[in-house]
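**Student:** For reference, the structure I am asking about is given below.
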Amino acid sequence: LAPAMDIQVPSNLERYLFELTGRDGDATEELVLGFRRHGAIVLDELSHDEMTGECSASWFDDTHIE
């Protein structure tokens with residue numbers, strides 16, 4: 001019903017992670033590669049708190065939007 005909203009990984013995720021890690025390219029690469037391998041990113045508590053203060057996410061399936 002809503003294919004335009006089927007976005008699992010935003011195109012600017014890598015850029016956001018780069019800023020979140022204090023512009024540390026090596027740390028960003030490690031997070032991105034870990035995400036590609038495992039489908040998840042593990043953040044330290046400080047980064048997690050910063051990210052959840054700036055972003056939110058949710059999902060809905062067809063039963064929620066009919």
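Each chain of the structure tokens is named A, B, ... in the order shown, its residues numbered from 1; ligands are numbered from 1 in display order.
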Using DSSP secondary structure from the backbone, list all helix (DSSP H, G or I) positions within chain A, as an NGL selection string.

**Tutor:** :A and (3-5 or 13-20 or 25-38 or 45-54 or 62-65)

**Student:** Generate the output file for the selected residues, N, CA and C atoms, as a compact mmCIF listing (two decimals), in the first residue's frame.

**Tutor:**
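Saved result, selection-v1.txt, follows:
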# COMPACT_ATOMS: atom_id res chain seq x y z
N PRO A 3 4.52 1.67 -0.96
CA PRO A 3 5.89 1.31 -1.34
C PRO A 3 6.89 2.47 -1.27
N ALA A 4 6.42 3.70 -1.40
CA ALA A 4 7.34 4.84 -1.31
C ALA A 4 7.91 4.99 0.09
N MET A 5 7.28 4.39 1.07
CA MET A 5 7.75 4.50 2.45
C MET A 5 8.60 3.31 2.87
N LEU A 13 22.65 7.59 6.14
CA LEU A 13 23.05 6.96 7.40
C LEU A 13 24.56 7.06 7.62
N GLU A 14 25.34 6.77 6.59
CA GLU A 14 26.79 6.81 6.75
C GLU A 14 27.27 8.22 7.12
N ARG A 15 26.69 9.23 6.51
CA ARG A 15 27.05 10.61 6.84
C ARG A 15 26.69 10.93 8.29
N TYR A 16 25.52 10.49 8.73
CA TYR A 16 25.11 10.73 10.11
C TYR A 16 26.07 10.03 11.08
N LEU A 17 26.43 8.79 10.79
CA LEU A 17 27.36 8.07 11.66
C LEU A 17 28.72 8.75 11.71
N PHE A 18 29.15 9.31 10.59
CA PHE A 18 30.42 10.04 10.54
C PHE A 18 30.39 11.22 11.52
N GLU A 19 29.29 11.95 11.54
CA GLU A 19 29.17 13.07 12.48
C GLU A 19 29.05 12.57 13.91
N LEU A 20 28.30 11.48 14.11
CA LEU A 20 28.10 10.93 15.44
C LEU A 20 29.41 10.45 16.06
N GLY A 25 36.64 8.62 10.46
CA GLY A 25 36.39 7.75 9.31
C GLY A 25 36.54 6.28 9.61
N ASP A 26 37.54 5.92 10.43
CA ASP A 26 37.75 4.51 10.76
C ASP A 26 36.59 3.97 11.59
N ALA A 27 36.13 4.74 12.57
CA ALA A 27 35.01 4.31 13.40
C ALA A 27 33.74 4.20 12.57
N THR A 28 33.55 5.14 11.64
CA THR A 28 32.38 5.10 10.76
C THR A 28 32.41 3.85 9.90
N GLU A 29 33.56 3.57 9.32
CA GLU A 29 33.69 2.38 8.47
C GLU A 29 33.39 1.11 9.26
N GLU A 30 33.87 1.04 10.49
CA GLU A 30 33.63 -0.13 11.33
C GLU A 30 32.13 -0.31 11.59
N LEU A 31 31.43 0.80 11.88
CA LEU A 31 29.99 0.72 12.12
C LEU A 31 29.23 0.28 10.86
N VAL A 32 29.59 0.86 9.72
CA VAL A 32 28.90 0.54 8.46
C VAL A 32 29.15 -0.91 8.07
N LEU A 33 30.38 -1.37 8.17
CA LEU A 33 30.68 -2.76 7.83
C LEU A 33 29.98 -3.72 8.78
N GLY A 34 29.94 -3.38 10.06
CA GLY A 34 29.22 -4.21 11.02
C GLY A 34 27.74 -4.28 10.70
N PHE A 35 27.18 -3.16 10.28
CA PHE A 35 25.77 -3.13 9.90
C PHE A 35 25.51 -4.01 8.68
N ARG A 36 26.39 -3.93 7.70
CA ARG A 36 26.23 -4.75 6.49
C ARG A 36 26.34 -6.24 6.80
N ARG A 37 27.22 -6.58 7.73
CA ARG A 37 27.41 -8.00 8.08
C ARG A 37 26.30 -8.54 8.95
N HIS A 38 25.86 -7.74 9.94
CA HIS A 38 24.97 -8.25 10.97
C HIS A 38 23.57 -7.64 10.97
N GLU A 45 27.13 4.00 24.86
CA GLU A 45 25.99 4.64 25.52
C GLU A 45 25.86 6.13 25.18
N LEU A 46 26.98 6.84 25.13
CA LEU A 46 26.94 8.27 24.82
C LEU A 46 26.41 8.52 23.41
N SER A 47 26.91 7.77 22.44
CA SER A 47 26.43 7.92 21.06
C SER A 47 24.96 7.53 20.95
N HIS A 48 24.58 6.48 21.64
CA HIS A 48 23.18 6.05 21.62
C HIS A 48 22.28 7.14 22.19
N ASP A 49 22.67 7.71 23.30
CA ASP A 49 21.87 8.78 23.91
C ASP A 49 21.75 9.99 22.99
N GLU A 50 22.86 10.34 22.33
CA GLU A 50 22.83 11.48 21.41
C GLU A 50 21.90 11.18 20.23
N MET A 51 22.00 9.98 19.70
CA MET A 51 21.19 9.62 18.53
C MET A 51 19.71 9.57 18.88
N THR A 52 19.36 8.98 20.01
CA THR A 52 17.95 8.89 20.36
C THR A 52 17.37 10.25 20.73
N GLY A 53 18.23 11.19 21.11
CA GLY A 53 17.77 12.54 21.37
C GLY A 53 17.46 13.31 20.09
N GLU A 54 18.04 12.86 18.97
CA GLU A 54 17.86 13.55 17.69
C GLU A 54 16.94 12.83 16.72
N ASP A 62 0.79 -3.15 6.46
CA ASP A 62 -0.45 -2.81 5.75
C ASP A 62 -1.67 -2.75 6.67
N THR A 63 -1.70 -3.56 7.73
CA THR A 63 -2.86 -3.53 8.62
C THR A 63 -2.98 -2.21 9.36
N HIS A 64 -1.87 -1.51 9.53
CA HIS A 64 -1.89 -0.22 10.21
C HIS A 64 -2.33 0.93 9.31
N ILE A 65 -2.18 0.77 7.98
CA ILE A 65 -2.47 1.90 7.09
C ILE A 65 -3.68 1.69 6.21

**Student:** What is the CA of Thr21 (chain A) to CA of Ile41 (chain A) distance in Å?

**Tutor:**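 A separation of 12.7 Å between them.
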